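Okay, work-v4.txt now, which holds compact mmCIF, C-alpha atoms:
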```
# COMPACT_ATOMS: atom_id res chain seq x y z
CA MET F 1 -67.32 -37.78 128.66
CA ARG F 2 -69.53 -35.52 130.79
CA ILE F 3 -73.22 -34.63 130.86
CA TYR F 4 -73.24 -30.87 130.27
CA VAL F 5 -76.89 -30.44 129.25
CA THR F 6 -80.12 -32.37 129.49
CA SER F 7 -83.49 -31.28 128.17
CA VAL F 8 -87.21 -31.05 128.75
CA PRO F 9 -89.51 -30.56 125.73
CA VAL F 10 -91.66 -27.47 126.38
CA ASP F 11 -94.83 -26.40 124.55
CA ASP F 12 -93.86 -22.71 124.62
CA GLN F 13 -90.33 -21.47 125.31
CA ALA F 14 -91.36 -18.01 126.58
CA LYS F 15 -93.82 -19.55 129.03
CA ALA F 16 -91.21 -22.13 130.04
CA GLU F 17 -88.58 -19.42 130.65
CA ASP F 18 -91.03 -17.69 133.01
CA PHE F 19 -91.97 -20.86 134.90
CA TYR F 20 -88.47 -22.31 135.22
CA THR F 21 -86.96 -18.99 136.37
CA ARG F 22 -89.64 -17.02 138.25
CA VAL F 23 -91.41 -20.04 139.81
CA LEU F 24 -88.73 -22.73 140.11
CA GLY F 25 -85.88 -20.25 140.70
CA PHE F 26 -83.44 -21.33 137.98
CA ARG F 27 -81.38 -18.76 136.01
CA VAL F 28 -81.02 -18.40 132.25
CA LYS F 29 -77.51 -19.44 131.18
CA HIS F 30 -77.73 -19.40 127.38
CA ASP F 31 -80.34 -17.79 125.16
CA VAL F 32 -79.37 -17.98 121.49
CA PRO F 33 -81.79 -17.57 118.57
CA VAL F 34 -81.93 -20.69 116.37
CA GLY F 35 -84.28 -20.09 113.47
CA GLU F 36 -87.74 -19.49 114.92
CA ASP F 37 -86.72 -21.07 118.24
CA ARG F 38 -84.03 -20.46 120.86
CA TRP F 39 -81.21 -22.46 122.41
CA LEU F 40 -82.49 -21.67 125.88
CA THR F 41 -80.81 -23.21 128.91
CA VAL F 42 -81.21 -22.64 132.63
CA VAL F 43 -79.03 -23.58 135.60
CA SER F 44 -79.55 -23.82 139.33
CA PRO F 45 -78.24 -20.74 141.23
CA GLU F 46 -76.86 -23.31 143.73
CA ASN F 47 -74.67 -24.72 140.96
CA PRO F 48 -74.32 -22.15 138.14
CA ASP F 49 -71.51 -24.08 136.44
CA GLY F 50 -73.35 -27.38 136.72
CA THR F 51 -75.44 -29.31 134.21
CA GLU F 52 -77.70 -27.07 132.14
CA LEU F 53 -81.34 -27.76 131.47
CA LEU F 54 -82.34 -27.10 127.85
CA LEU F 55 -85.91 -25.86 127.47
CA GLU F 56 -86.37 -27.47 124.09
CA PRO F 57 -89.22 -26.77 121.64
CA SER F 58 -91.62 -29.72 121.32
CA GLY F 59 -92.37 -29.14 117.65
CA HIS F 60 -91.55 -32.64 116.37
CA PRO F 61 -94.81 -34.57 115.76
CA ALA F 62 -93.67 -37.49 117.95
CA VAL F 63 -93.17 -35.28 121.01
CA GLY F 64 -96.84 -34.40 121.65
CA PRO F 65 -98.13 -38.00 121.96
CA TYR F 66 -95.04 -38.96 123.99
CA LYS F 67 -95.59 -36.16 126.50
CA ALA F 68 -99.35 -36.79 126.70
CA ALA F 69 -98.83 -40.50 127.44
CA LEU F 70 -96.36 -39.76 130.23
CA VAL F 71 -98.62 -37.13 131.80
CA GLU F 72 -101.65 -39.47 131.67
CA ASP F 73 -99.80 -42.06 133.76
CA GLY F 74 -98.33 -39.43 136.10
CA ILE F 75 -94.74 -40.11 134.98
CA PRO F 76 -92.27 -37.23 135.47
CA ILE F 77 -89.98 -36.34 132.56
CA ALA F 78 -87.24 -34.95 134.82
CA SER F 79 -86.26 -35.04 138.47
CA PHE F 80 -84.71 -32.25 140.54
CA GLN F 81 -83.23 -32.48 144.03
CA VAL F 82 -84.17 -30.18 146.93
CA ASP F 83 -82.95 -29.98 150.54
CA ASP F 84 -86.39 -29.70 152.15
CA LEU F 85 -89.18 -31.25 150.10
CA ASP F 86 -92.07 -30.17 152.31
CA ALA F 87 -90.89 -26.55 152.40
CA GLU F 88 -90.44 -26.52 148.62
CA HIS F 89 -93.90 -28.09 148.17
CA ARG F 90 -95.45 -25.35 150.34
CA ARG F 91 -93.56 -22.63 148.46
CA LEU F 92 -94.63 -23.92 145.03
CA VAL F 93 -98.27 -24.44 146.07
CA SER F 94 -98.33 -20.83 147.32
CA LEU F 95 -97.21 -19.77 143.83
CA GLY F 96 -100.11 -21.67 142.27
CA VAL F 97 -98.22 -24.78 141.10
CA ALA F 98 -100.45 -27.85 140.66
CA PHE F 99 -99.15 -31.08 142.16
CA THR F 100 -100.34 -34.43 140.75
CA GLN F 101 -98.59 -36.14 143.65
CA PRO F 102 -98.19 -34.51 147.07
CA PRO F 103 -95.06 -35.35 149.08
CA MET F 104 -94.70 -39.00 150.00
CA ASP F 105 -92.02 -41.34 151.31
CA ALA F 106 -90.58 -43.80 148.81
CA GLY F 107 -87.73 -45.78 150.31
CA PRO F 108 -84.56 -43.66 150.63
CA VAL F 109 -86.23 -40.54 149.19
CA ARG F 110 -89.20 -38.31 149.77
CA MET F 111 -90.80 -37.18 146.52
CA ALA F 112 -93.54 -35.12 144.90
CA VAL F 113 -94.64 -34.47 141.31
CA PHE F 114 -95.96 -31.22 139.80
CA ASP F 115 -97.14 -29.82 136.45
CA ASP F 116 -94.64 -27.49 134.75
CA THR F 117 -97.46 -25.79 132.73
CA CYS F 118 -95.49 -26.61 129.55
CA GLY F 119 -96.84 -30.12 129.02
CA ASN F 120 -94.65 -32.04 131.48
CA LEU F 121 -94.66 -33.45 134.97
CA ILE F 122 -91.55 -32.79 137.08
CA GLN F 123 -90.46 -34.76 140.12
CA ILE F 124 -88.69 -33.20 143.08
CA ILE F 125 -86.94 -35.38 145.60
CA GLU F 126 -85.24 -35.03 148.96
CA MET F 127 -82.57 -37.61 149.84
CA LYS F 128 -83.42 -38.62 153.40
CA ASP F 129 -79.84 -39.37 154.47
CA ALA F 130 -78.30 -36.33 152.75
CA MET A 1 -125.83 -57.25 142.22
CA ASP A 2 -125.78 -60.22 139.78
CA ASP A 3 -123.41 -63.20 139.78
CA ASP A 4 -121.14 -61.64 137.12
CA ALA A 5 -120.62 -58.56 139.28
CA LEU A 6 -119.94 -60.72 142.34
CA ASP A 7 -117.47 -62.80 140.33
CA ARG A 8 -115.58 -59.70 139.23
CA ILE A 9 -115.29 -58.42 142.80
CA PHE A 10 -114.16 -61.68 144.41
CA LYS A 11 -111.78 -62.40 141.52
CA ALA A 12 -110.32 -58.92 141.91
CA LEU A 13 -109.72 -59.66 145.60
CA GLY A 14 -108.09 -63.01 144.86
CA ASP A 15 -104.59 -61.66 144.34
CA PRO A 16 -102.10 -60.27 146.89
CA THR A 17 -100.84 -57.49 144.60
CA ARG A 18 -104.37 -56.22 144.03
CA ARG A 19 -105.16 -56.42 147.74
CA ARG A 20 -102.04 -54.33 148.49
CA ILE A 21 -103.10 -51.78 145.86
CA ILE A 22 -106.51 -51.57 147.58
CA ASP A 23 -104.81 -51.11 150.99
CA ARG A 24 -102.63 -48.28 149.72
CA LEU A 25 -105.41 -46.52 147.81
CA ARG A 26 -107.38 -46.51 151.05
CA GLU A 27 -104.50 -44.84 152.91
CA ARG A 28 -103.80 -42.43 150.10
CA PRO A 29 -106.53 -41.77 147.49
CA ARG A 30 -106.05 -40.14 144.06
CA GLN A 31 -102.89 -41.94 142.93
CA SER A 32 -101.45 -41.91 139.43
CA LEU A 33 -100.05 -45.08 137.87
CA PHE A 34 -96.55 -43.72 138.56
CA GLU A 35 -97.37 -43.26 142.24
CA ILE A 36 -98.90 -46.74 142.56
CA CYS A 37 -95.77 -48.26 140.98
CA ALA A 38 -93.43 -46.15 143.14
CA LEU A 39 -95.23 -47.10 146.37
CA SER A 40 -95.37 -50.76 145.44
CA PHE A 41 -91.62 -50.70 144.85
CA ALA A 42 -90.82 -48.67 147.96
CA GLN A 43 -93.03 -50.60 150.37
CA ASP A 44 -92.95 -54.16 148.99
CA GLY A 45 -89.69 -54.11 147.05
CA ALA A 46 -91.87 -55.50 144.27
CA THR A 47 -90.41 -55.25 140.80
CA LEU A 48 -93.69 -55.57 138.93
CA SER A 49 -93.71 -53.99 135.51
CA ARG A 50 -95.84 -50.95 134.80
CA GLN A 51 -97.83 -53.12 132.36
CA ALA A 52 -98.55 -55.68 135.08
CA ILE A 53 -99.78 -52.98 137.48
CA THR A 54 -101.94 -51.53 134.67
CA GLN A 55 -103.59 -54.94 134.22
CA HIS A 56 -104.25 -55.25 137.96
CA LEU A 57 -105.79 -51.77 137.95
CA ASP A 58 -108.00 -52.69 134.98
CA MET A 59 -109.40 -55.65 136.91
CA LEU A 60 -110.04 -53.51 139.98
CA GLU A 61 -111.69 -50.85 137.82
CA LYS A 62 -113.93 -53.39 136.02
CA ALA A 63 -114.97 -54.78 139.41
CA GLY A 64 -115.98 -51.25 140.40
CA LEU A 65 -113.48 -51.15 143.26
CA VAL A 66 -111.31 -48.43 141.73
CA ARG A 67 -112.68 -45.19 140.36
CA VAL A 68 -110.77 -43.10 137.87
CA GLU A 69 -110.80 -39.31 137.76
CA TRP A 70 -108.70 -36.76 135.94
CA SER A 71 -106.49 -34.08 137.44
CA GLY A 72 -105.70 -31.97 134.42
CA ARG A 73 -104.48 -34.58 131.93
CA THR A 74 -103.32 -37.06 134.58
CA LYS A 75 -105.39 -40.12 135.43
CA LEU A 76 -105.87 -40.67 139.18
CA HIS A 77 -107.16 -43.80 140.91
CA THR A 78 -109.30 -43.89 144.06
CA LEU A 79 -110.74 -46.80 146.03
CA ASP A 80 -114.54 -47.21 145.95
CA ALA A 81 -115.51 -49.53 148.79
CA GLY A 82 -119.23 -49.31 147.92
CA PRO A 83 -119.37 -52.41 145.64
CA LEU A 84 -117.23 -54.29 148.18
CA ARG A 85 -119.71 -53.57 150.98
CA ALA A 86 -122.59 -54.52 148.68
CA ALA A 87 -120.95 -57.83 147.73
CA VAL A 88 -120.18 -58.68 151.34
CA GLY A 89 -123.68 -57.71 152.46
CA GLN A 90 -125.43 -59.58 149.68
CA TRP A 91 -123.59 -62.89 149.78
CA LEU A 92 -120.71 -63.26 152.24
CA GLN A 93 -122.67 -61.89 155.21
CA THR A 94 -125.30 -64.66 154.89
CA HIS A 95 -122.60 -67.17 155.89
CA LEU A 96 -121.02 -65.25 158.74
```

Show how you would write the structure in this file as structure tokens.
Amino acid sequence: MRIYVTSVPVDDQAKAEDFYTRVLGFRVKHDVPVGEDRWLTVVSPENPDGTELLLEPSGHPAVGPYKAALVEDGIPIASFQVDDLDAEHRRLVSLGVAFTQPPMDAGPVRMAVFDDTCGNLIQIIEMKDA
Amino acid sequence: MDDDALDRIFKALGDPTRRRIIDRLRERPRQSLFEICALSFAQDGATLSRQAITQHLDMLEKAGLVRVEWSGRTKLHTLDAGPLRAAVGQWLQTHL
């Protein structure tokens, strides 16, 4: 068994496609119409055959309260790895990304948390010994 | 400041976890619950539940030592040392 896809629930798939590609730098891998929505996945250009991230519609009534509760407490819904956290933080801030948590050391990692503009907080981490 | 307010402040200080939260909020203001939990785990190796930290924060907030503000839809916590100075000045200082 392998993990081939994981998902984040996004308020608006078109807006999410823009943010996750233009701002974060991922690439669209699959974009298939499914009813009124799309099966829309992105991958990292550093690992195009790696695990896909599904930008999933958050239409189910349970998703809104779930996302809101996580955001209120500052809890990220997904975590991505970068080589240089401070450089990535500077790059994203220059593109207008809002961070709820600026870079900080937390044991073996350095981490930060930002708003994906689609109703979620996303964590980025740098492994210190990597 | 009345006795109830003094009680709340000195009770809030009477716990090592809450004192550590105060220390860290002073070093780094505007922390979310997630950040407070992450720092407490990273720096103390503490495995306190999120619910336990929430209860500690409630006590600090009711004592007026922690102020809450919103960044978008995320709740951030900041230390307010004003009530602490007032409590020390009003009662503790008379014995020092």

Quiz prompt | Check: which chain F residues lie within 6 Å of chain A using all atoms listed in the file, as a VMD selection string | solution = chain F and resid 71 to 75 106 to 107

Quiz prompt | Residue nearest Leu55 in chain F - candidates F:Val109, F:Leu24, F:Cys118, F:Leu85, atoms counted: all atoms listed in the file | solution =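 Going through F:Val109, F:Leu24, F:Cys118, F:Leu85 one by one, the smallest distance to Leu55 in chain F is for F:Cys118.
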
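Between CA of Leu25 in chain A and CA of Leu79 in chain A lies a distance of 5.6 Å.
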
Self-check item: Spatial neighbours of Ala16 in chain F, 8 Å, only C-alpha atoms, chain gap at least 2 places, as a list in words
Solution: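 Near neighbours after the sequence-gap exclusion: Val10, Asp11, Asp12, Gln13, Ala14, Asp18, Phe19, Tyr20, Leu55, Asp116, Thr117 and Cys118 of chain F.
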
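The space separating CA of Ala78 in chain F from CA of Leu121 in chain F comes to 7.6 Å.
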
Exercise. Quick one: pull the distance between CA of Phe114 in chain F and CA of Ala98 in chain F, Å, one decimal.
Key: 5.7 Å

Step by step, gather every atom of range 35-52 of chain A that the file lists, find the box along x, y and z that holds them, add 8 Å on each side, and finally give centre and edge lengths in Å to one decimal, as JSON.
```
{"center_x": -94.3, "center_y": -49.5, "center_z": 141.4, "size_x": 25.2, "size_y": 28.4, "size_z": 34.0}
```

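All polymer residues at most 12 Å from (-69.9, -35.0, 128.5), using all atoms listed in the file, appear as Met1, Arg2, Ile3, Tyr4, Val5, Thr6, Gly50, Thr51 and Glu52 of chain F.
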
Practice problem: Identify which of the residues A:Val68, A:Phe10, A:Leu48, A:Asp4 lies closest to Leu92 in chain A, counting only C-alpha atoms when measuring atom-to-atom distances. | Solution: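 So, comparing all the options, the nearest one is A:Phe10.
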